[in-house]
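Asker: I'd like to ask some things about the structure below.
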2 protein chains.
Amino acid sequence: MKFCSECGSKVVLRIPEGDTLPRYICSNCHAIHYQNPKVIVGCIPEWENKILLCKRAIAPHRGKWTLPAGFMENNETLAQGATRETFEEANARVEIRELYAIYSLPHISQVYLLFQAKLLDLDFSPGIESLEVRLFGEQEIPWDDIAFRVIHDPLKRYLKERQHGQPEPHMGIIDKRQD
Amino acid sequence: MKFCSECGSKVVLRIPEGDTLPRYICSNCHAIHYQNPKVIVGCIPEWENKILLCKRAIAPHRGKWTLPAGFMENNETLAQGATRETFEEANARVEIRELYAIYSLPHISQVYLLFQAKLLDLDFSPGIESLEVRLFGEQEIPWDDIAFRVIHDPLKRYLKERQHGQPEPHMGIIDKRQD
């Protein structure tokens with residue numbers, strides 16, 4: 001951030017009075033521009049024990065597989081966001097169920113929330129951000145070609161827990177500053 | 001948003017190619033400025049079945065009571081955010097436990113996450129955003145003077161569930177566009 005989005009003047013980075021962290025502050029109108037983590041919402045769409053994955057058509061990790069997920073938008077609920085992302089990436093209709101995984105990714109200031117979901121029909125196809133969309137049986141999942149660890153880890157855990165009953169929601173942290 | 005934070009030129013509001021929602025786009029450098037929901041993290045600090053509440057020193061709802069909670073910051077985890085907010089508002093040390101409540105507030109584009117927490121000692125005092133901080137027994141909680149419904153509703157549910165055993169995490173929606 002270099003300029004104030006309210007008045008167009010230059011911003012400076014300093015700690016406002018009564019605050020503890022540096023913020024971008026307008027040198028002219030003194031507006032404080034806070035920057036906060038972003039929420040990514042997605043789901044694990046299931047159809048007769050198979051999982052719907054999308055092959056990414058965009059960077060990063062073009063050509064790798066992922067669950068449908070993306071940035072939550074203003075004025076929607078978490079479940080609406082997960083439903084919308086699944087439709088955008090896979091033209092697929094899902095019924096969102098329990099929340100399964102919540103991950104903090106502090107190195108990139110993101111929070112991931114992944115829901116369990118029931119795929120409602122087989123009429124799916126790649127959206128603009130996907131090259132291919134298909135159902136994978138548990139033994140077919142391309143573990144070495146999953147785009148993100150924040151998708152790989154909870155999906156692996158989910159399938160393992162599913163073998164022994166109802167998967168249990170969990171929280172996780174992926175911090176690449178510590179890896 | 002009126003000006004581009006990258007180059008200081010005027011922005012226009014329109015739907016970018018391949019997108020579905022209007023975004024602020026710079027008329028000069030064409031940077032797209034996304035706006036997304038913010039995360040509020042907080043906790044329910046307990047000490048021998050009593051709950052720590054803070055009386056707000058700032059708008060909105062100055063003088064009303066609330067749980068320690070506030071905007072999650074970049075580069076922290078959810079639990080770190082809840083711990084930090086509790087220290088800032090109540091100078092209190094807590095051990096963050098399970099996530100208890102996740103609320104979508106789509107009318108103001110916020111997601112609230114409230115954790116169960118154990119207050120670690122009685123050495124607490126008002127932070128700069130609080131007028132007063134105190135422990136309330138279950139029968140003492142000032143229900144008519146709780147600052148926000150997103151605090152009131154999960155706290156009430158928590159205390160009710162606690163009477164019958166371990167409180168169960170839940171998701172909720174508060175949408176004032178529909179009230």
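Ordering of the structure tokens sets the chain letters (A, B, ...), residue numbers begin anew at 1 in every chain, and ligands are numbered from 1 in the order given.
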For A:Phe148, find every residue with an atom within 9 Å (counting only C-alpha atoms), except residues of its own chain fewer than 4 positions away, and show them as a compact mmCIF listing (two decimals) with C-alpha atoms, in the first residue's frame.
Answerer:
# COMPACT_ATOMS: atom_id res chain seq x y z
CA HIS A 61 0.14 -24.88 -8.86
CA LYS A 64 -2.34 -29.84 -9.55
CA TRP A 65 -5.51 -31.12 -7.88
CA THR A 66 -7.45 -29.41 -5.10
CA HIS A 152 -3.70 -32.44 1.37
CA ASP A 153 -3.49 -32.78 5.15
Asker: Any idea which chain B residues end up within 8 Å of chain A if we count only C-alpha atoms, as a VMD selection string please?
Answerer: chain B and resid 1 to 10 18 35 to 39 71 to 78 104 to 109 128 173
Asker: Selection from above, N, CA and C atoms, as a compact mmCIF listing (two decimals), in the first residue's frame, can you write it?
Answerer:
# COMPACT_ATOMS: atom_id res chain seq x y z
N MET B 1 -13.90 3.13 -1.06
CA MET B 1 -12.62 3.23 -1.79
C MET B 1 -12.78 4.14 -3.00
N LYS B 2 -11.90 5.15 -3.07
CA LYS B 2 -11.98 6.10 -4.18
C LYS B 2 -10.70 6.12 -5.02
N PHE B 3 -9.57 5.78 -4.39
CA PHE B 3 -8.28 5.86 -5.07
C PHE B 3 -7.51 4.55 -4.96
N CYS B 4 -6.64 4.30 -5.94
CA CYS B 4 -5.84 3.09 -5.97
C CYS B 4 -4.73 3.18 -4.93
N SER B 5 -4.61 2.16 -4.08
CA SER B 5 -3.59 2.18 -3.03
C SER B 5 -2.20 1.88 -3.59
N GLU B 6 -2.12 1.43 -4.84
CA GLU B 6 -0.83 1.17 -5.48
C GLU B 6 -0.25 2.41 -6.16
N CYS B 7 -1.13 3.16 -6.90
CA CYS B 7 -0.60 4.27 -7.70
C CYS B 7 -1.28 5.61 -7.44
N GLY B 8 -2.36 5.61 -6.62
CA GLY B 8 -3.01 6.87 -6.25
C GLY B 8 -4.00 7.42 -7.27
N SER B 9 -4.21 6.70 -8.39
CA SER B 9 -5.20 7.16 -9.38
C SER B 9 -6.61 6.78 -8.94
N LYS B 10 -7.61 7.31 -9.64
CA LYS B 10 -9.00 7.01 -9.29
C LYS B 10 -9.35 5.56 -9.63
N GLY B 18 -13.94 -12.40 -16.39
CA GLY B 18 -13.81 -13.71 -15.76
C GLY B 18 -14.28 -13.73 -14.32
N GLN B 35 -12.21 -6.80 -1.71
CA GLN B 35 -12.59 -6.54 -0.32
C GLN B 35 -13.27 -7.79 0.22
N ASN B 36 -12.83 -8.24 1.37
CA ASN B 36 -13.30 -9.53 1.90
C ASN B 36 -13.70 -9.41 3.36
N PRO B 37 -14.43 -10.41 3.86
CA PRO B 37 -14.87 -10.37 5.27
C PRO B 37 -13.69 -10.34 6.23
N LYS B 38 -13.95 -9.79 7.40
CA LYS B 38 -12.93 -9.76 8.45
C LYS B 38 -13.27 -10.79 9.53
N VAL B 39 -12.21 -11.28 10.16
CA VAL B 39 -12.35 -12.30 11.21
C VAL B 39 -12.23 -11.63 12.57
N PHE B 71 -10.55 -7.87 16.14
CA PHE B 71 -10.11 -8.24 14.79
C PHE B 71 -8.82 -9.05 14.83
N MET B 72 -8.84 -10.19 14.15
CA MET B 72 -7.63 -10.98 13.96
C MET B 72 -6.62 -10.16 13.16
N GLU B 73 -5.35 -10.25 13.55
CA GLU B 73 -4.30 -9.51 12.86
C GLU B 73 -3.57 -10.40 11.86
N ASN B 74 -2.94 -9.78 10.88
CA ASN B 74 -2.06 -10.51 9.97
C ASN B 74 -0.97 -11.23 10.77
N ASN B 75 -0.55 -12.39 10.24
CA ASN B 75 0.59 -13.14 10.77
C ASN B 75 0.40 -13.72 12.17
N GLU B 76 -0.87 -13.95 12.54
CA GLU B 76 -1.10 -14.68 13.79
C GLU B 76 -2.08 -15.83 13.52
N THR B 77 -2.11 -16.80 14.44
CA THR B 77 -3.10 -17.88 14.36
C THR B 77 -4.38 -17.43 15.07
N LEU B 78 -5.45 -18.20 14.88
CA LEU B 78 -6.71 -17.89 15.56
C LEU B 78 -6.52 -17.87 17.07
N SER B 104 -21.38 -16.40 11.18
CA SER B 104 -21.31 -15.52 10.01
C SER B 104 -22.24 -14.34 10.23
N LEU B 105 -21.73 -13.13 9.98
CA LEU B 105 -22.55 -11.92 10.05
C LEU B 105 -22.49 -11.25 8.68
N PRO B 106 -23.24 -11.80 7.72
CA PRO B 106 -23.06 -11.35 6.33
C PRO B 106 -23.42 -9.89 6.09
N HIS B 107 -24.30 -9.31 6.91
CA HIS B 107 -24.69 -7.92 6.68
C HIS B 107 -23.54 -6.96 6.96
N ILE B 108 -22.57 -7.38 7.79
CA ILE B 108 -21.40 -6.54 8.02
C ILE B 108 -20.10 -7.24 7.61
N SER B 109 -20.23 -8.37 6.89
CA SER B 109 -19.08 -9.10 6.36
C SER B 109 -18.04 -9.41 7.44
N ILE B 128 -7.04 -0.62 27.56
CA ILE B 128 -7.40 0.73 27.10
C ILE B 128 -8.81 0.79 26.51
N ILE B 173 -25.70 -18.01 12.28
CA ILE B 173 -25.77 -16.88 11.35
C ILE B 173 -26.57 -15.79 12.02
Asker: Could you name the residues that touch B:Leu13 at 8 Å or less, counting only C-alpha atoms, but leaving out those on the same chain fewer than 5 positions away, as a PDB file with N, CA and C atoms, in the first residue's frame?
Answerer:
ATOM      1  N   PRO B  22     -18.683  -7.002  -8.849  1.00  0.00           N
ATOM      2  CA  PRO B  22     -17.984  -5.726  -9.078  1.00  0.00           C
ATOM      3  C   PRO B  22     -16.819  -5.556  -8.101  1.00  0.00           C
ATOM      4  N   ARG B  23     -15.712  -5.055  -8.599  1.00  0.00           N
ATOM      5  CA  ARG B  23     -14.524  -4.783  -7.760  1.00  0.00           C
ATOM      6  C   ARG B  23     -14.058  -3.369  -8.061  1.00  0.00           C
ATOM      7  N   TYR B  24     -13.315  -2.796  -7.113  1.00  0.00           N
ATOM      8  CA  TYR B  24     -12.668  -1.520  -7.384  1.00  0.00           C
ATOM      9  C   TYR B  24     -11.428  -1.784  -8.223  1.00  0.00           C
ATOM     10  N   ILE B  25     -11.389  -1.184  -9.420  1.00  0.00           N
ATOM     11  CA  ILE B  25     -10.281  -1.397 -10.352  1.00  0.00           C
ATOM     12  C   ILE B  25      -9.643  -0.048 -10.657  1.00  0.00           C
TER      13      ILE B  25
END
Asker: Check the DSSP output for the backbone and give back, as a PyMOL selection string, the residues of chain B in helix (DSSP H, G or I).
Answerer: chain B and resi 78-90+143-145+149-163
Asker: As an exercise, work out the distance from atom CA of B:Arg56 to atom CA of B:Leu135 in Å and give it to one decimal place.
Answerer: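 Here the two named atoms are 14.8 Å from each other.
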Asker: Based on DSSP run over this structure's backbone, return all residues of chain A in strand (DSSP E or B), as a VMD selection string.
Answerer: chain A and resid 3 10 to 14 23 to 26 32 to 33 38 to 47 50 to 56 65 to 66 69 to 71 94 to 105 110 to 119 130 to 136 146 170 to 173
Asker: Within 10 Å of A:Glu48, counting only C-alpha atoms, which residues show up once you throw out same-chain ones fewer than 2 positions away? Write them as a ChimeraX atom specification, please.
Answerer: /A:46,50-51,118-119,135,137
Asker: With distances taken over only C-alpha atoms, which of A:Lys156, A:Arg149, A:Asp144, A:Glu161 is nearest to A:Lys176?
Answerer: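 Looking only at the distances to A:Lys176, the closest residue turns out to be A:Arg149.
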